[in-house]
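Trainee: run.pdb is the file, holding PDB, C-alpha atoms:
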```pdb
ATOM      1  CA  MET S   1     -70.118 -65.639  23.823
ATOM      2  CA  GLU S   2     -68.540 -62.675  25.565
ATOM      3  CA  ARG S   3     -65.526 -61.295  23.656
ATOM      4  CA  ILE S   4     -63.190 -58.345  23.687
ATOM      5  CA  PRO S   5     -63.371 -56.589  20.283
ATOM      6  CA  ILE S   6     -60.283 -56.438  18.076
ATOM      7  CA  LEU S   7     -60.144 -53.571  15.576
ATOM      8  CA  LYS S   8     -58.065 -53.751  12.409
ATOM      9  CA  MET S   9     -56.461 -50.610  11.022
ATOM     10  CA  GLY S  10     -54.097 -51.336   8.145
ATOM     11  CA  ARG S  11     -51.399 -53.610   9.500
ATOM     12  CA  TYR S  12     -52.330 -52.758  13.094
ATOM     13  CA  LEU S  13     -54.676 -54.565  15.454
ATOM     14  CA  LEU S  14     -56.122 -52.458  18.262
ATOM     15  CA  VAL S  15     -57.569 -53.776  21.497
ATOM     16  CA  THR S  16     -59.027 -51.782  24.358
ATOM     17  CA  ILE S  17     -59.828 -53.811  27.441
ATOM     18  CA  GLN S  18     -62.750 -52.064  29.106
ATOM     19  CA  VAL S  19     -64.044 -54.802  31.396
ATOM     20  CA  ASP S  20     -62.828 -56.560  34.515
ATOM     21  CA  MET S  21     -61.724 -59.751  32.731
ATOM     22  CA  HIS S  22     -62.406 -63.175  34.114
ATOM     23  CA  ASP S  23     -59.878 -65.861  33.210
ATOM     24  CA  ARG S  24     -61.775 -67.429  30.316
ATOM     25  CA  LEU S  25     -62.303 -64.040  28.724
ATOM     26  CA  ALA S  26     -58.551 -63.370  28.915
ATOM     27  CA  LEU S  27     -57.825 -66.714  27.259
ATOM     28  CA  THR S  28     -60.410 -66.023  24.542
ATOM     29  CA  LEU S  29     -58.657 -62.729  23.806
ATOM     30  CA  GLN S  30     -55.323 -64.553  23.561
ATOM     31  CA  ASP S  31     -56.782 -67.060  21.064
ATOM     32  CA  ASP S  32     -58.650 -64.427  19.055
ATOM     33  CA  LEU S  33     -55.633 -62.151  18.782
ATOM     34  CA  THR S  34     -53.221 -64.825  17.593
ATOM     35  CA  GLU S  35     -55.778 -65.946  15.014
ATOM     36  CA  ARG S  36     -56.350 -62.395  13.800
ATOM     37  CA  ILE S  37     -52.593 -61.699  13.507
ATOM     38  CA  VAL S  38     -52.347 -64.565  11.031
ATOM     39  CA  ARG S  39     -55.638 -63.976   9.219
ATOM     40  CA  ASP S  40     -55.111 -60.219   8.799
ATOM     41  CA  ALA S  41     -51.321 -60.506   8.312
ATOM     42  CA  ALA S  42     -51.008 -57.908  11.079
ATOM     43  CA  LYS S  43     -47.564 -56.634  12.012
ATOM     44  CA  ALA S  44     -48.412 -54.642  15.111
ATOM     45  CA  VAL S  45     -50.721 -55.087  18.090
ATOM     46  CA  LEU S  46     -51.645 -52.320  20.497
ATOM     47  CA  ILE S  47     -53.365 -53.300  23.739
ATOM     48  CA  ASP S  48     -54.796 -50.459  25.801
ATOM     49  CA  ILE S  49     -55.177 -51.437  29.463
ATOM     50  CA  SER S  50     -55.804 -47.942  30.842
ATOM     51  CA  ALA S  51     -59.264 -49.000  32.032
ATOM     52  CA  LEU S  52     -57.894 -52.028  33.929
ATOM     53  CA  GLU S  53     -57.901 -51.365  37.665
ATOM     54  CA  MET S  54     -56.104 -54.579  38.451
ATOM     55  CA  VAL S  55     -53.730 -56.999  36.746
ATOM     56  CA  ASP S  56     -53.165 -60.195  38.707
ATOM     57  CA  SER S  57     -50.799 -63.063  37.901
ATOM     58  CA  PHE S  58     -53.207 -64.716  35.475
ATOM     59  CA  ILE S  59     -54.004 -61.604  33.470
ATOM     60  CA  GLY S  60     -50.345 -60.575  33.585
ATOM     61  CA  ARG S  61     -49.279 -63.956  32.278
ATOM     62  CA  THR S  62     -51.884 -63.779  29.522
ATOM     63  CA  ILE S  63     -50.564 -60.365  28.438
ATOM     64  CA  ALA S  64     -46.995 -61.731  28.436
ATOM     65  CA  ASN S  65     -48.165 -64.759  26.426
ATOM     66  CA  ILE S  66     -49.883 -62.560  23.857
ATOM     67  CA  ALA S  67     -46.676 -60.540  23.423
ATOM     68  CA  ALA S  68     -44.573 -63.701  23.057
ATOM     69  CA  MET S  69     -46.992 -65.379  20.653
ATOM     70  CA  SER S  70     -47.337 -62.316  18.450
ATOM     71  CA  SER S  71     -43.543 -62.049  18.331
ATOM     72  CA  VAL S  72     -43.315 -65.636  17.089
ATOM     73  CA  LEU S  73     -45.920 -64.697  14.464
ATOM     74  CA  ASP S  74     -43.756 -61.733  13.381
ATOM     75  CA  ALA S  75     -45.877 -59.030  14.957
ATOM     76  CA  GLU S  76     -44.880 -56.561  17.650
ATOM     77  CA  THR S  77     -47.106 -55.951  20.690
ATOM     78  CA  VAL S  78     -47.178 -52.808  22.788
ATOM     79  CA  VAL S  79     -49.192 -52.589  26.006
ATOM     80  CA  VAL S  80     -50.217 -49.029  26.805
ATOM     81  CA  GLY S  81     -51.785 -47.040  29.602
ATOM     82  CA  MET S  82     -51.029 -49.123  32.660
ATOM     83  CA  GLN S  83     -52.215 -47.298  35.780
ATOM     84  CA  PRO S  84     -49.412 -46.512  38.295
ATOM     85  CA  ALA S  85     -51.153 -48.445  41.095
ATOM     86  CA  VAL S  86     -51.326 -51.477  38.811
ATOM     87  CA  ALA S  87     -47.617 -51.199  37.972
ATOM     88  CA  ILE S  88     -46.662 -50.961  41.672
ATOM     89  CA  THR S  89     -48.811 -53.960  42.509
ATOM     90  CA  LEU S  90     -47.496 -56.090  39.622
ATOM     91  CA  VAL S  91     -43.885 -55.591  40.655
ATOM     92  CA  GLU S  92     -44.673 -56.344  44.291
ATOM     93  CA  LEU S  93     -46.595 -59.422  43.205
ATOM     94  CA  GLY S  94     -43.411 -60.604  41.503
ATOM     95  CA  LEU S  95     -44.493 -60.210  37.893
ATOM     96  CA  PRO S  96     -42.584 -57.334  36.288
ATOM     97  CA  LEU S  97     -43.798 -58.315  32.757
ATOM     98  CA  LYS S  98     -40.305 -58.739  31.344
ATOM     99  CA  GLY S  99     -40.358 -59.066  27.597
ATOM    100  CA  VAL S 100     -43.508 -56.990  27.225
ATOM    101  CA  ARG S 101     -43.055 -53.679  25.420
ATOM    102  CA  THR S 102     -45.013 -50.944  27.191
ATOM    103  CA  ALA S 103     -45.785 -47.284  26.530
ATOM    104  CA  LEU S 104     -47.519 -44.673  28.640
ATOM    105  CA  SER S 105     -50.227 -43.727  26.163
ATOM    106  CA  VAL S 106     -51.873 -44.874  22.954
ATOM    107  CA  GLU S 107     -50.003 -42.084  21.151
ATOM    108  CA  HIS S 108     -46.606 -43.256  22.403
ATOM    109  CA  GLY S 109     -47.511 -46.873  21.702
ATOM    110  CA  MET S 110     -48.480 -46.087  18.110
ATOM    111  CA  ALA S 111     -45.191 -44.223  17.635
ATOM    112  CA  VAL S 112     -43.250 -47.287  18.835
ATOM    113  CA  LEU S 113     -45.147 -49.574  16.466
ATOM    114  CA  LYS S 114     -44.862 -47.183  13.543
ATOM    115  CA  ALA S 115     -41.073 -47.019  13.962
ATOM    116  CA  ARG S 116     -40.904 -50.786  14.000
ATOM    117  CA  LEU S 117     -43.001 -51.094  10.842
ATOM    118  CA  LEU S 118     -40.905 -48.458   9.077
ATOM    119  CA  SER S 119     -37.629 -50.232   9.848
ATOM    120  CA  ASP S 120     -39.190 -53.531   8.730
ATOM    121  CA  ASP S 121     -40.239 -51.956   5.421
ATOM    122  CA  GLU S 122     -36.756 -50.547   4.874
ATOM    123  CA  ARG S 123     -35.147 -53.905   5.498
ATOM    124  CA  HIS S 124     -37.625 -55.570   3.199
ATOM    125  CA  GLY S 125     -36.988 -52.901   0.579
ATOM    126  CA  ASP S 126     -33.210 -53.454   0.775
ATOM    127  CA  ALA S 127     -33.602 -57.181   0.331
ATOM    128  CA  THR S 128     -35.722 -56.887  -2.770
ATOM    129  CA  GLN S 129     -33.716 -54.212  -4.547
TER
ATOM    130  CA  MET D   1     -61.181 -56.777  66.984
ATOM    131  CA  ALA D   2     -64.670 -55.635  66.035
ATOM    132  CA  THR D   3     -66.347 -56.616  62.804
ATOM    133  CA  LEU D   4     -68.379 -53.721  61.422
ATOM    134  CA  HIS D   5     -69.632 -55.439  58.308
ATOM    135  CA  SER D   6     -69.432 -58.918  56.839
ATOM    136  CA  GLU D   7     -70.462 -60.439  53.533
ATOM    137  CA  ASP D   8     -69.888 -63.756  51.790
ATOM    138  CA  GLN D   9     -69.240 -64.464  48.138
ATOM    139  CA  ALA D  10     -69.303 -68.008  46.792
ATOM    140  CA  ILE D  11     -66.438 -68.974  44.460
ATOM    141  CA  GLU D  12     -67.715 -71.506  41.943
ATOM    142  CA  THR D  13     -66.814 -70.032  38.551
ATOM    143  CA  SER D  14     -64.205 -67.704  37.067
ATOM    144  CA  GLU D  15     -66.874 -64.956  37.047
ATOM    145  CA  ASP D  16     -67.075 -65.375  40.837
ATOM    146  CA  VAL D  17     -63.375 -64.482  41.065
ATOM    147  CA  VAL D  18     -64.333 -61.164  39.432
ATOM    148  CA  HIS D  19     -67.222 -60.787  41.908
ATOM    149  CA  VAL D  20     -64.807 -61.239  44.830
ATOM    150  CA  ARG D  21     -62.542 -58.541  43.354
ATOM    151  CA  GLN D  22     -65.437 -56.130  42.882
ATOM    152  CA  ARG D  23     -66.845 -56.639  46.380
ATOM    153  CA  VAL D  24     -63.419 -56.245  48.008
ATOM    154  CA  ARG D  25     -62.870 -53.082  45.943
ATOM    155  CA  ALA D  26     -66.207 -51.614  47.040
ATOM    156  CA  ARG D  27     -65.450 -52.156  50.741
ATOM    157  CA  ALA D  28     -61.876 -50.857  50.351
ATOM    158  CA  VAL D  29     -63.182 -47.662  48.733
ATOM    159  CA  GLU D  30     -65.755 -47.339  51.504
ATOM    160  CA  ILE D  31     -63.153 -47.302  54.310
ATOM    161  CA  GLY D  32     -60.918 -44.920  52.353
ATOM    162  CA  LEU D  33     -57.948 -47.112  51.465
ATOM    163  CA  SER D  34     -55.559 -45.349  49.085
ATOM    164  CA  LEU D  35     -55.747 -46.340  45.425
ATOM    165  CA  VAL D  36     -52.460 -48.273  45.649
ATOM    166  CA  ASP D  37     -53.624 -50.128  48.761
ATOM    167  CA  GLN D  38     -56.978 -50.890  47.131
ATOM    168  CA  THR D  39     -55.204 -52.284  44.106
ATOM    169  CA  LYS D  40     -52.878 -54.434  46.213
ATOM    170  CA  LEU D  41     -55.759 -55.820  48.259
ATOM    171  CA  VAL D  42     -57.958 -56.503  45.232
ATOM    172  CA  THR D  43     -55.064 -58.228  43.444
ATOM    173  CA  ALA D  44     -54.342 -60.392  46.502
ATOM    174  CA  ALA D  45     -58.074 -61.235  46.709
ATOM    175  CA  SER D  46     -58.044 -62.273  43.068
ATOM    176  CA  GLU D  47     -55.072 -64.603  43.602
ATOM    177  CA  LEU D  48     -56.672 -66.257  46.624
ATOM    178  CA  ALA D  49     -60.085 -66.631  44.987
ATOM    179  CA  ARG D  50     -58.486 -68.200  41.915
ATOM    180  CA  ASN D  51     -56.472 -70.574  44.115
ATOM    181  CA  ALA D  52     -59.686 -71.687  45.832
ATOM    182  CA  LEU D  53     -61.317 -72.262  42.438
ATOM    183  CA  GLU D  54     -58.380 -73.997  40.744
ATOM    184  CA  HIS D  55     -56.910 -75.988  43.620
ATOM    185  CA  GLY D  56     -59.796 -76.225  46.047
ATOM    186  CA  GLY D  57     -62.605 -76.915  43.572
ATOM    187  CA  GLY D  58     -64.382 -73.770  44.725
ATOM    188  CA  GLY D  59     -65.009 -72.225  48.083
ATOM    189  CA  ILE D  60     -66.231 -69.132  49.807
ATOM    190  CA  ALA D  61     -64.806 -65.673  50.408
ATOM    191  CA  ARG D  62     -65.763 -63.679  53.504
ATOM    192  CA  ILE D  63     -65.142 -59.971  53.222
ATOM    193  CA  GLU D  64     -65.177 -58.031  56.487
ATOM    194  CA  VAL D  65     -64.730 -54.437  57.498
ATOM    195  CA  VAL D  66     -62.924 -54.580  60.838
ATOM    196  CA  ASN D  67     -61.773 -52.160  63.497
ATOM    197  CA  ASP D  68     -58.927 -52.923  65.914
ATOM    198  CA  GLY D  69     -59.626 -49.910  68.143
ATOM    199  CA  HIS D  70     -57.236 -47.600  66.298
ATOM    200  CA  ARG D  71     -57.961 -48.071  62.620
ATOM    201  CA  ARG D  72     -60.226 -49.720  60.141
ATOM    202  CA  GLY D  73     -59.258 -52.394  57.685
ATOM    203  CA  ILE D  74     -60.495 -55.071  55.360
ATOM    204  CA  ARG D  75     -60.136 -58.700  56.294
ATOM    205  CA  LEU D  76     -60.624 -61.357  53.643
ATOM    206  CA  THR D  77     -60.977 -65.030  54.460
ATOM    207  CA  VAL D  78     -60.971 -67.501  51.577
ATOM    208  CA  GLU D  79     -61.895 -71.044  52.445
ATOM    209  CA  ASP D  80     -61.976 -74.101  50.246
ATOM    210  CA  ARG D  81     -62.682 -77.782  50.775
ATOM    211  CA  GLY D  82     -59.974 -78.972  48.436
ATOM    212  CA  PRO D  83     -57.112 -81.401  49.009
ATOM    213  CA  GLY D  84     -55.281 -78.971  51.305
ATOM    214  CA  ILE D  85     -51.612 -78.031  51.251
ATOM    215  CA  ALA D  86     -49.115 -80.589  52.541
ATOM    216  CA  ASP D  87     -46.150 -78.218  52.747
ATOM    217  CA  ILE D  88     -47.183 -74.598  53.327
ATOM    218  CA  GLN D  89     -43.614 -73.246  53.278
ATOM    219  CA  LEU D  90     -43.104 -74.808  49.847
ATOM    220  CA  ALA D  91     -46.445 -73.472  48.595
ATOM    221  CA  LEU D  92     -45.412 -69.953  49.645
ATOM    222  CA  LYS D  93     -42.261 -70.060  47.512
ATOM    223  CA  ASP D  94     -42.386 -68.033  44.327
ATOM    224  CA  GLY D  95     -42.472 -70.235  41.293
ATOM    225  CA  TYR D  96     -43.850 -73.235  43.123
ATOM    226  CA  SER D  97     -47.008 -74.447  41.452
ATOM    227  CA  SER D  98     -48.789 -77.765  41.718
ATOM    228  CA  ARG D  99     -50.889 -77.091  38.619
ATOM    229  CA  GLY D 100     -48.654 -75.417  36.081
ATOM    230  CA  GLY D 101     -49.469 -71.854  37.076
ATOM    231  CA  LEU D 102     -46.935 -69.148  37.749
ATOM    232  CA  GLY D 103     -46.761 -70.016  41.419
ATOM    233  CA  LEU D 104     -47.145 -66.407  42.501
ATOM    234  CA  GLY D 105     -50.615 -66.737  44.010
ATOM    235  CA  LEU D 106     -50.018 -67.493  47.675
ATOM    236  CA  GLY D 107     -46.635 -65.784  48.101
ATOM    237  CA  GLY D 108     -47.828 -62.823  46.034
ATOM    238  CA  ALA D 109     -50.970 -62.426  48.157
ATOM    239  CA  LYS D 110     -48.794 -62.516  51.284
ATOM    240  CA  ARG D 111     -46.587 -59.710  49.963
ATOM    241  CA  LEU D 112     -49.572 -57.586  49.005
ATOM    242  CA  ALA D 113     -51.267 -57.798  52.412
ATOM    243  CA  ASN D 114     -50.381 -56.356  55.823
ATOM    244  CA  GLU D 115     -51.386 -59.574  57.569
ATOM    245  CA  PHE D 116     -51.409 -63.098  56.246
ATOM    246  CA  ASP D 117     -52.352 -66.448  57.700
ATOM    247  CA  VAL D 118     -52.840 -69.842  56.119
ATOM    248  CA  GLN D 119     -54.358 -72.895  57.765
ATOM    249  CA  SER D 120     -54.410 -76.154  55.903
ATOM    250  CA  ARG D 121     -54.481 -79.872  56.486
ATOM    251  CA  PRO D 122     -54.202 -82.460  53.722
ATOM    252  CA  GLY D 123     -57.691 -83.705  52.911
ATOM    253  CA  GLU D 124     -59.445 -80.968  54.854
ATOM    254  CA  GLY D 125     -59.116 -77.893  52.693
ATOM    255  CA  THR D 126     -57.362 -74.578  53.062
ATOM    256  CA  THR D 127     -58.273 -71.287  54.740
ATOM    257  CA  VAL D 128     -56.269 -68.176  53.930
ATOM    258  CA  THR D 129     -56.835 -64.903  55.780
ATOM    259  CA  ILE D 130     -55.371 -61.562  54.762
ATOM    260  CA  ALA D 131     -55.919 -58.054  56.084
ATOM    261  CA  ARG D 132     -55.016 -54.614  54.869
ATOM    262  CA  TRP D 133     -55.238 -51.642  57.243
ATOM    263  CA  ARG D 134     -55.956 -48.071  56.528
TER
END
```
Show me this structure written as structure tokens.

Mentor:
Amino acid sequence: MERIPILKMGRYLLVTIQVDMHDRLALTLQDDLTERIVRDAAKAVLIDISALEMVDSFIGRTIANIAAMSSVLDAETVVVGMQPAVAITLVELGLPLKGVRTALSVEHGMAVLKARLLSDDERHGDATQ
Amino acid sequence: MATLHSEDQAIETSEDVVHVRQRVRARAVEIGLSLVDQTKLVTAASELARNALEHGGGGIARIEVVNDGHRRGIRLTVEDRGPGIADIQLALKDGYSSRGGLGLGLGGAKRLANEFDVQSRPGEGTTVTIARWR
């Protein structure tokens, strides 16, 4: 079955969407990611959509769902690399992806996630000392 | 209005929705639509193709390169043989969905196109036409 690969790097899960996703593929990614967050005890998910030339309401909703689900599972999601034309179109479509953390590049996205993990560790450290 | 090119794409599976997007993109690139306009048109095409698949049980998309004497454009007609839409004004409202979707499909496609027309009768299916001009 066709799948979008999910790479694990420490407590991070990395996804790069390189194909024009049909709806079932988007749903498979949603299922796979939530499962991997639990199985790998991941704390941070980075989704690179810089290769996506279009995000319609279904794909947009799936991205928002992934962010919401990972948050419930105590992981933070950052979506990076959205093309400007895609951003313009999404807002005009009526789907501004509220509640989804975004960053312009993979580098920025990793910085956001790293900061979140650091503050989590500090809090955890305080509680156990 | 003159039609310079016409092609049909069946919409039977979710892969076909992707095929509609790709064929609309190719024609939009060909007539020199800007990247933003391409993206808007392709996104609108995706919404309409999905509607035909989800609500109409499948259908057909006709992609045309047209010329109105002054400019070229892409016209997309998506036709299904589904149950039709009883209240088109209601169906165009954001957030209205008969099947638990986001309800952005029809209204969103209208906003993303320069021209929009929907013809539907209960029991006889739905035909939506959009156009985007260069």

Trainee: What residues in chain D have any atom no more than 12 Å from chain S when counting only C-alpha atoms, and can you write them as a count of residues only?

Mentor: 48

Trainee: With only C-alpha atoms as the counted atoms, please give the residues lying no more than 7 Å from segment 40-50 of chain S, apart from itself and same-chain residues fewer than 3 positions off, as a compact mmCIF listing (two decimals) with C-alpha atoms, keeping the file's coordinate frame.

Mentor:
```
# COMPACT_ATOMS: atom_id res chain seq x y z
CA ARG S 11 -51.40 -53.61 9.50
CA TYR S 12 -52.33 -52.76 13.09
CA LEU S 13 -54.68 -54.56 15.45
CA LEU S 14 -56.12 -52.46 18.26
CA VAL S 15 -57.57 -53.78 21.50
CA THR S 16 -59.03 -51.78 24.36
CA ILE S 17 -59.83 -53.81 27.44
CA ARG S 36 -56.35 -62.40 13.80
CA ILE S 37 -52.59 -61.70 13.51
CA ASP S 74 -43.76 -61.73 13.38
CA ALA S 75 -45.88 -59.03 14.96
CA GLU S 76 -44.88 -56.56 17.65
CA THR S 77 -47.11 -55.95 20.69
CA VAL S 78 -47.18 -52.81 22.79
CA VAL S 79 -49.19 -52.59 26.01
CA VAL S 80 -50.22 -49.03 26.80
CA GLY S 81 -51.78 -47.04 29.60
CA MET S 82 -51.03 -49.12 32.66
CA GLN S 83 -52.22 -47.30 35.78
CA VAL S 106 -51.87 -44.87 22.95
CA GLY S 109 -47.51 -46.87 21.70
CA LEU S 113 -45.15 -49.57 16.47
```

Trainee: Suppose you want the space between atom CA of Gly84 of chain D and atom CA of Gln119 of chain D; what is it in Å?

Mentor: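 These atoms are spaced 8.9 Å apart.
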
Trainee: Please expand the PyMOL selection byres ((chain D and resi 66-70) around 8) into the concrete residues it hits in this file, giving the result as a list in words.

Mentor: Met1, Ala2, Thr3, Leu4, His5, Glu64, Val65, Arg71, Arg72, Gly73, Ile74 and Arg75 of chain D

Trainee: What is the atom CA of Ala52 of chain D-atom CA of Met1 of chain S distance in Å, reported with one decimal?

Mentor: 25.1 Å

Trainee: Using the file's own x, y and z axes, so that the box edges lie along x, y and z, what centre and edge lengths in Å (one decimal) does a box around every listed atom of segment 91-96 of chain D get when 6 Å is added on each side? Give it as JSON.

Mentor:
```
{"center_x": -44.4, "center_y": -70.8, "center_z": 45.5, "size_x": 16.2, "size_y": 17.4, "size_z": 20.4}
```

Trainee: If we count all atoms listed in the file, what is near segment 125-128 of chain D at a cut-off of 9 Å, once residues fewer than 2 positions away on the same chain are taken out, given as a ChimeraX atom specification?

Mentor: /D:48,52,56,76-85,106,116-123,130

Trainee: Excluding Ala10 of chain D and residues on its chain fewer than 3 positions from it, collect all residues at most 7 Å away from it, counting all atoms listed in the file, and give them as a PyMOL selection string.

Mentor: chain D and resi 16+59-61

Trainee: Separation of atom CA of Gln18 of chain S and atom CA of Ala28 of chain D, in Å?

Mentor: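 Straight-line distance from atom CA of Gln18 of chain S to atom CA of Ala28 of chain D works out to 21.3 Å.
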
Trainee: Given the choices D:Ala91, D:Ile11, D:Val24, D:Asn114, which gets closest to Arg134 of chain D if the distance is worked out from all atoms listed in the file?

Mentor: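 Of the candidates, the smallest distance to Arg134 of chain D is held by D:Asn114.
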
Trainee: N, CA and C atoms for segment 90-107 of chain S, written as a short mmCIF file (atom, residue, chain, number, x, y, z; two decimals), in the coordinates of the input, could you do that?

Mentor:
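Output file part24.cif follows:
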```cif
data_model
loop_
_atom_site.label_atom_id
_atom_site.label_comp_id
_atom_site.auth_asym_id
_atom_site.auth_seq_id
_atom_site.Cartn_x
_atom_site.Cartn_y
_atom_site.Cartn_z
N LEU S 90 -48.06 -55.00 40.44
CA LEU S 90 -47.50 -56.09 39.62
C LEU S 90 -46.07 -56.42 40.04
N VAL S 91 -45.28 -55.37 40.28
CA VAL S 91 -43.88 -55.59 40.66
C VAL S 91 -43.81 -56.24 42.04
N GLU S 92 -44.67 -55.77 42.95
CA GLU S 92 -44.67 -56.34 44.29
C GLU S 92 -45.17 -57.80 44.27
N LEU S 93 -46.09 -58.06 43.37
CA LEU S 93 -46.60 -59.42 43.20
C LEU S 93 -45.50 -60.35 42.72
N GLY S 94 -44.51 -59.79 42.01
CA GLY S 94 -43.41 -60.60 41.50
C GLY S 94 -43.51 -60.86 40.02
N LEU S 95 -44.28 -60.01 39.32
CA LEU S 95 -44.49 -60.21 37.89
C LEU S 95 -44.19 -58.92 37.13
N PRO S 96 -42.92 -58.62 36.90
CA PRO S 96 -42.58 -57.33 36.29
C PRO S 96 -42.81 -57.27 34.77
N LEU S 97 -43.46 -58.30 34.20
CA LEU S 97 -43.80 -58.32 32.76
C LEU S 97 -42.57 -58.10 31.87
N LYS S 98 -41.50 -58.80 32.19
CA LYS S 98 -40.30 -58.74 31.34
C LYS S 98 -40.66 -59.26 29.95
N GLY S 99 -40.10 -58.61 28.96
CA GLY S 99 -40.36 -59.07 27.60
C GLY S 99 -41.61 -58.47 26.99
N VAL S 100 -42.33 -57.66 27.77
CA VAL S 100 -43.51 -56.99 27.22
C VAL S 100 -43.16 -55.52 26.99
N ARG S 101 -43.32 -55.07 25.74
CA ARG S 101 -43.06 -53.68 25.42
C ARG S 101 -44.22 -52.83 25.92
N THR S 102 -43.93 -51.78 26.68
CA THR S 102 -45.01 -50.94 27.19
C THR S 102 -44.78 -49.49 26.77
N ALA S 103 -45.86 -48.72 26.78
CA ALA S 103 -45.78 -47.28 26.53
C ALA S 103 -46.85 -46.62 27.40
N LEU S 104 -46.62 -45.33 27.69
CA LEU S 104 -47.52 -44.67 28.64
C LEU S 104 -48.89 -44.37 28.05
N SER S 105 -48.94 -44.10 26.75
CA SER S 105 -50.23 -43.73 26.16
C SER S 105 -50.39 -44.39 24.81
N VAL S 106 -51.60 -44.33 24.28
CA VAL S 106 -51.87 -44.87 22.95
C VAL S 106 -50.98 -44.19 21.93
N GLU S 107 -50.83 -42.86 22.08
CA GLU S 107 -50.00 -42.08 21.15
C GLU S 107 -48.56 -42.59 21.13
#
```
